[in-house]
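Below: entry.csv (CSV, C-alpha atoms)
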```csv
chain,number,residue,atom,x,y,z
A,1,MET,CA,46.8,-15.3,-2.5
A,2,GLN,CA,45.2,-12.9,-4.9
A,3,ILE,CA,42.6,-13.9,-7.5
A,4,LEU,CA,41.3,-11.7,-10.3
A,5,LEU,CA,38.2,-13.1,-11.8
A,6,PRO,CA,36.3,-11.2,-14.5
A,7,VAL,CA,32.5,-11.2,-13.8
A,8,SER,CA,31.8,-12.9,-17.1
A,9,GLU,CA,34.0,-15.8,-16.1
A,10,ALA,CA,32.5,-15.9,-12.6
A,11,VAL,CA,29.0,-16.2,-14.1
A,12,ALA,CA,30.3,-19.0,-16.4
A,13,LEU,CA,31.6,-20.9,-13.4
A,14,ALA,CA,28.4,-20.3,-11.4
A,15,ALA,CA,26.4,-21.8,-14.3
A,16,ALA,CA,28.8,-24.7,-15.0
A,17,LYS,CA,26.9,-27.3,-13.0
A,18,GLU,CA,23.4,-26.0,-13.5
A,19,PRO,CA,22.1,-22.9,-15.1
A,20,LEU,CA,21.4,-19.7,-13.2
A,21,PRO,CA,17.8,-19.5,-11.8
A,22,PRO,CA,15.4,-18.5,-14.6
A,23,VAL,CA,14.5,-15.3,-12.7
A,24,ILE,CA,18.0,-14.1,-13.7
A,25,ARG,CA,18.0,-13.4,-17.4
A,26,SER,CA,21.4,-11.9,-17.6
A,27,VAL,CA,24.4,-10.7,-15.5
A,28,THR,CA,27.1,-8.4,-16.8
A,29,ALA,CA,29.4,-5.9,-15.3
A,30,GLU,CA,30.6,-2.3,-15.8
A,31,GLY,CA,33.3,-0.9,-13.6
A,32,SER,CA,32.3,-1.6,-10.0
A,33,SER,CA,28.7,-2.5,-10.8
A,34,LEU,CA,26.9,-5.7,-11.6
A,35,LEU,CA,24.0,-5.3,-14.1
A,36,LEU,CA,21.2,-7.8,-13.9
A,37,ASP,CA,18.1,-8.3,-15.9
A,38,ILE,CA,15.5,-9.9,-13.6
A,39,ASP,CA,12.3,-11.5,-14.8
A,40,LEU,CA,9.8,-11.2,-12.0
A,41,ARG,CA,7.2,-13.2,-14.0
A,42,VAL,CA,9.1,-16.4,-13.2
A,43,VAL,CA,9.6,-16.0,-9.4
A,44,PRO,CA,8.5,-19.3,-8.0
A,45,ASP,CA,5.6,-19.2,-5.5
A,46,ALA,CA,5.3,-15.4,-5.9
A,47,PRO,CA,2.7,-13.8,-3.7
A,48,PHE,CA,-0.3,-12.4,-5.6
A,49,PRO,CA,0.7,-8.7,-5.4
A,50,LEU,CA,4.1,-9.6,-6.9
A,51,ARG,CA,2.5,-11.6,-9.7
A,52,VAL,CA,0.2,-8.7,-10.6
A,53,ALA,CA,3.1,-6.3,-10.6
A,54,ALA,CA,5.3,-8.7,-12.6
A,55,ALA,CA,2.6,-9.1,-15.2
A,56,ALA,CA,2.4,-5.4,-15.6
A,57,ILE,CA,6.1,-4.5,-15.6
A,58,GLY,CA,7.9,-7.6,-17.0
A,59,THR,CA,11.6,-7.5,-16.4
A,60,VAL,CA,13.5,-5.3,-13.9
A,61,ALA,CA,16.9,-3.8,-14.6
A,62,VAL,CA,19.0,-4.0,-11.4
A,63,THR,CA,22.3,-2.3,-10.8
A,64,ALA,CA,24.3,-3.5,-7.8
A,65,THR,CA,27.3,-1.1,-7.2
A,66,PHE,CA,30.0,-2.4,-4.9
A,67,SER,CA,30.2,-0.3,-1.8
A,68,GLY,CA,32.6,-2.2,0.6
A,69,TYR,CA,33.9,-5.3,2.2
A,70,ASP,CA,34.0,-5.7,6.0
A,71,LEU,CA,34.1,-8.7,8.3
A,72,GLY,CA,33.4,-11.2,5.5
A,73,VAL,CA,30.5,-9.3,4.1
A,74,ALA,CA,30.5,-7.6,0.7
A,75,THR,CA,27.9,-4.8,0.2
A,76,PHE,CA,26.3,-3.4,-2.9
A,77,VAL,CA,24.0,-0.4,-3.3
A,78,ILE,CA,21.0,-1.5,-5.4
A,79,THR,CA,19.0,0.4,-7.9
A,80,ALA,CA,16.2,-1.2,-9.8
A,81,HIS,CA,14.0,0.1,-12.6
A,82,ALA,CA,11.2,-1.4,-14.6
A,83,ARG,CA,10.0,0.6,-17.6
A,84,ALA,CA,12.0,3.6,-16.3
A,85,LEU,CA,10.1,3.5,-13.0
A,86,PRO,CA,11.8,2.7,-9.6
A,87,ALA,CA,11.2,-0.9,-8.6
A,88,HIS,CA,13.3,-1.2,-5.3
A,89,LYS,CA,10.3,-2.4,-3.3
A,90,LEU,CA,10.1,-5.5,-5.4
A,91,LEU,CA,13.7,-6.6,-4.5
A,92,ASN,CA,12.6,-8.1,-1.1
A,93,HIS,CA,10.6,-10.7,-3.1
A,94,LEU,CA,13.8,-12.0,-4.7
A,95,THR,CA,15.6,-13.1,-1.5
A,96,GLY,CA,13.5,-16.3,-1.3
A,97,PRO,CA,14.4,-17.5,-4.8
A,98,ILE,CA,18.0,-16.5,-4.3
A,99,GLU,CA,18.2,-18.5,-1.0
A,100,SER,CA,16.6,-21.5,-2.7
A,101,ALA,CA,19.1,-21.4,-5.6
A,102,LEU,CA,22.0,-21.2,-3.2
A,103,THR,CA,20.9,-24.0,-0.9
A,104,ARG,CA,20.4,-26.2,-4.0
A,105,ARG,CA,24.1,-25.6,-4.7
A,106,GLY,CA,25.0,-26.7,-1.2
A,107,LEU,CA,25.4,-23.3,0.4
A,108,PRO,CA,23.8,-22.3,3.7
A,109,ALA,CA,20.7,-20.1,4.1
A,110,GLY,CA,21.2,-16.5,5.0
A,111,LEU,CA,24.1,-15.6,2.6
A,112,VAL,CA,22.2,-12.7,1.1
A,113,GLU,CA,20.2,-10.0,2.7
A,114,ILE,CA,18.6,-6.8,1.5
A,115,ARG,CA,19.0,-4.0,4.0
A,116,LYS,CA,17.6,-0.5,4.2
A,117,GLY,CA,20.3,1.9,3.0
A,118,GLU,CA,20.7,5.6,3.0
A,119,GLY,CA,18.3,6.2,0.1
A,120,GLU,CA,18.8,3.0,-1.9
A,121,PRO,CA,18.6,-0.5,-0.5
A,122,VAL,CA,21.9,-2.4,0.2
A,123,LEU,CA,22.5,-6.0,-0.8
A,124,ALA,CA,24.8,-7.8,1.8
A,125,VAL,CA,26.5,-11.0,0.6
A,126,ARG,CA,28.3,-13.1,3.3
A,127,LEU,CA,31.3,-14.1,1.1
A,128,GLN,CA,33.3,-15.6,4.0
A,129,ASP,CA,30.4,-17.8,5.0
A,130,ALA,CA,30.0,-19.0,1.4
A,131,VAL,CA,33.7,-20.0,1.3
A,132,ALA,CA,33.6,-21.6,4.7
A,133,ALA,CA,30.6,-23.8,3.6
A,134,LYS,CA,32.8,-25.3,0.9
A,135,ALA,CA,36.3,-25.4,2.5
A,136,THR,CA,38.1,-24.8,5.8
A,137,GLY,CA,41.4,-23.0,6.0
A,138,VAL,CA,40.5,-20.3,3.5
A,139,THR,CA,39.8,-16.7,4.7
A,140,VAL,CA,38.6,-13.9,2.4
A,141,THR,CA,40.7,-11.0,3.7
A,142,ASP,CA,39.7,-8.5,1.0
A,143,PHE,CA,37.2,-8.2,-1.8
A,144,ASP,CA,36.8,-5.5,-4.4
A,145,LEU,CA,34.8,-5.2,-7.7
A,146,ARG,CA,36.4,-2.9,-10.2
A,147,ASP,CA,37.0,-2.9,-14.0
A,148,ALA,CA,34.2,-5.6,-14.2
A,149,THR,CA,36.6,-7.9,-12.3
A,150,ALA,CA,36.4,-9.4,-8.8
A,151,HIS,CA,39.6,-8.8,-6.9
A,152,VAL,CA,39.8,-11.3,-4.1
A,153,THR,CA,42.5,-11.6,-1.5
A,154,LEU,CA,42.7,-14.9,0.4
A,155,ALA,CA,44.6,-16.2,3.4
A,156,VAL,CA,45.2,-19.9,2.8
A,157,GLY,CA,46.1,-22.2,5.6
A,158,GLN,CA,45.6,-25.9,5.8
A,159,VAL,CA,42.7,-26.5,3.4
A,160,ALA,CA,40.1,-29.2,3.7
A,161,LEU,CA,37.2,-29.4,1.3
A,162,ARG,CA,33.7,-30.0,2.6
```

Once you've parsed the file, please lay out its structure as structure tokens.
Amino acid sequence: MQILLPVSEAVALAAAKEPLPPVIRSVTAEGSSLLLDIDLRVVPDAPFPLRVAAAAIGTVAVTATFSGYDLGVATFVITAHARALPAHKLLNHLTGPIESALTRRGLPAGLVEIRKGEGEPVLAVRLQDAVAAKATGVTVTDFDLRDATAHVTLAVGQVALR
């Protein structure tokens, strides 16, 4: 089965039951990149150094460019800027709030990870694990992000919802 889902519609589905976390001010897409506006001032339980940095820089523009899909994991090269300055080091402080938002939606911890990349950090998203948390019998065999649309190929067997 192949599913084509424009990023704008994926965001609408993600926010259908409850809004996106307040730290995420906006999500759009261009080509193979997701463009996020992140407000670090509203990161819950932020450590003091992050609160100080957030007060000084405000929002961070994050670009996540799709780089591949392998063994159930989609990867994105991340660039982040605040007031035209690189802000990549601040990204590690977002994994906690992301994890909290995902677990509130019934997904397991550990679905997102920020890894050291060659130059820029890499965001790894365990797509297959997210699908498996909601249903058995569905395997994500391929994923691509292009033309601001997620292209997902699934192998569907005997499905049971969790």

Nearest residue to Gly68 in chain A from the set A:Leu35, A:Pro44, A:Gln128, A:Asp142 (distances using only C-alpha atoms):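 For Gly68 in chain A, the nearest of the given residues is A:Asp142.
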
I'd like to know which of A:Gly106, A:Gly31, A:Gly58, A:Pro121 is closest to Val7 in chain A, using all atoms listed in the file. A:Gly31

Please identify all polymer residues within 9 Å of Thr95 in chain A, counting all atoms listed in the file, omitting same-chain residues fewer than 5 positions from it, and present them as a CSV table (one decimal) with C-alpha atoms, in the frame of the given file.
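Contents of part_1.csv, as written:
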```
chain,number,residue,atom,x,y,z
A,100,SER,CA,16.6,-21.5,-2.7
A,112,VAL,CA,22.2,-12.7,1.1
A,113,GLU,CA,20.2,-10.0,2.7
A,114,ILE,CA,18.6,-6.8,1.5
```

Quick one: residues within 8 Å of range 69-77 of chain A, only C-alpha atoms counted, chain neighbours fewer than 6 positions away excluded, as a CSV table (one decimal) with C-alpha atoms, keeping the file's coordinate frame?
```
chain,number,residue,atom,x,y,z
A,63,THR,CA,22.3,-2.3,-10.8
A,117,GLY,CA,20.3,1.9,3.0
A,120,GLU,CA,18.8,3.0,-1.9
A,121,PRO,CA,18.6,-0.5,-0.5
A,122,VAL,CA,21.9,-2.4,0.2
A,123,LEU,CA,22.5,-6.0,-0.8
A,124,ALA,CA,24.8,-7.8,1.8
A,125,VAL,CA,26.5,-11.0,0.6
A,126,ARG,CA,28.3,-13.1,3.3
A,127,LEU,CA,31.3,-14.1,1.1
A,128,GLN,CA,33.3,-15.6,4.0
A,129,ASP,CA,30.4,-17.8,5.0
A,140,VAL,CA,38.6,-13.9,2.4
A,141,THR,CA,40.7,-11.0,3.7
A,142,ASP,CA,39.7,-8.5,1.0
A,143,PHE,CA,37.2,-8.2,-1.8
A,144,ASP,CA,36.8,-5.5,-4.4
```

Considering all atoms listed in the file, state which residue in the set A:Ala46, A:Ser33, A:Arg105, A:Glu18 is at the smallest distance from Ala64 in chain A.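 So, comparing all the options, the nearest one is A:Ser33.
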
Sphere at (32.4, -4.4, -14.3), radius 7 Å, counting only C-alpha atoms: residues as a list in words: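 Using only C-alpha atoms, the matching residues come out as Val7, Ala29, Glu30, Gly31, Ser32, Ser33, Leu34, Arg146, Asp147, Ala148 and Thr149 of chain A.
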
Of the candidates A:Thr65, A:Ala54, A:Thr79, A:Ala101, which shows the shortest atom-to-atom distance to Pro19 in chain A, using all atoms listed in the file?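 Comparing A:Thr65, A:Ala54, A:Thr79, A:Ala101 against Pro19 in chain A, the winner is A:Ala101.
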
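What separates CA of Ala10 in chain A from CA of Val23 in chain A is a distance of 18.0 Å.
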
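In this model, the gap between CA of Pro6 in chain A and CA of Ala150 in chain A comes to 6.0 Å.
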
Can you tell me which residues surround Val159 in chain A at a distance of at most 10 Å, considering all atoms listed in the file, apart from same-chain residues fewer than 2 positions away, and format the answer as a PDB file with C-alpha atoms, keeping the file's coordinate frame?
```pdb
ATOM      1  CA  ALA A 135      36.300 -25.400   2.500  1.00  0.00           C
ATOM      2  CA  THR A 136      38.100 -24.800   5.800  1.00  0.00           C
ATOM      3  CA  GLY A 137      41.400 -23.000   6.000  1.00  0.00           C
ATOM      4  CA  VAL A 138      40.500 -20.300   3.500  1.00  0.00           C
ATOM      5  CA  VAL A 156      45.200 -19.900   2.800  1.00  0.00           C
ATOM      6  CA  GLY A 157      46.100 -22.200   5.600  1.00  0.00           C
ATOM      7  CA  LEU A 161      37.200 -29.400   1.300  1.00  0.00           C
ATOM      8  CA  ARG A 162      33.700 -30.000   2.600  1.00  0.00           C
TER       9      ARG A 162
END
```

Hey, which of A:Thr139, A:Asp45, A:Ala82, A:Ala16 ends up closest to Leu154 in chain A? Count only C-alpha atoms.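 The shortest atom-to-atom distance to Leu154 in chain A comes from A:Thr139.
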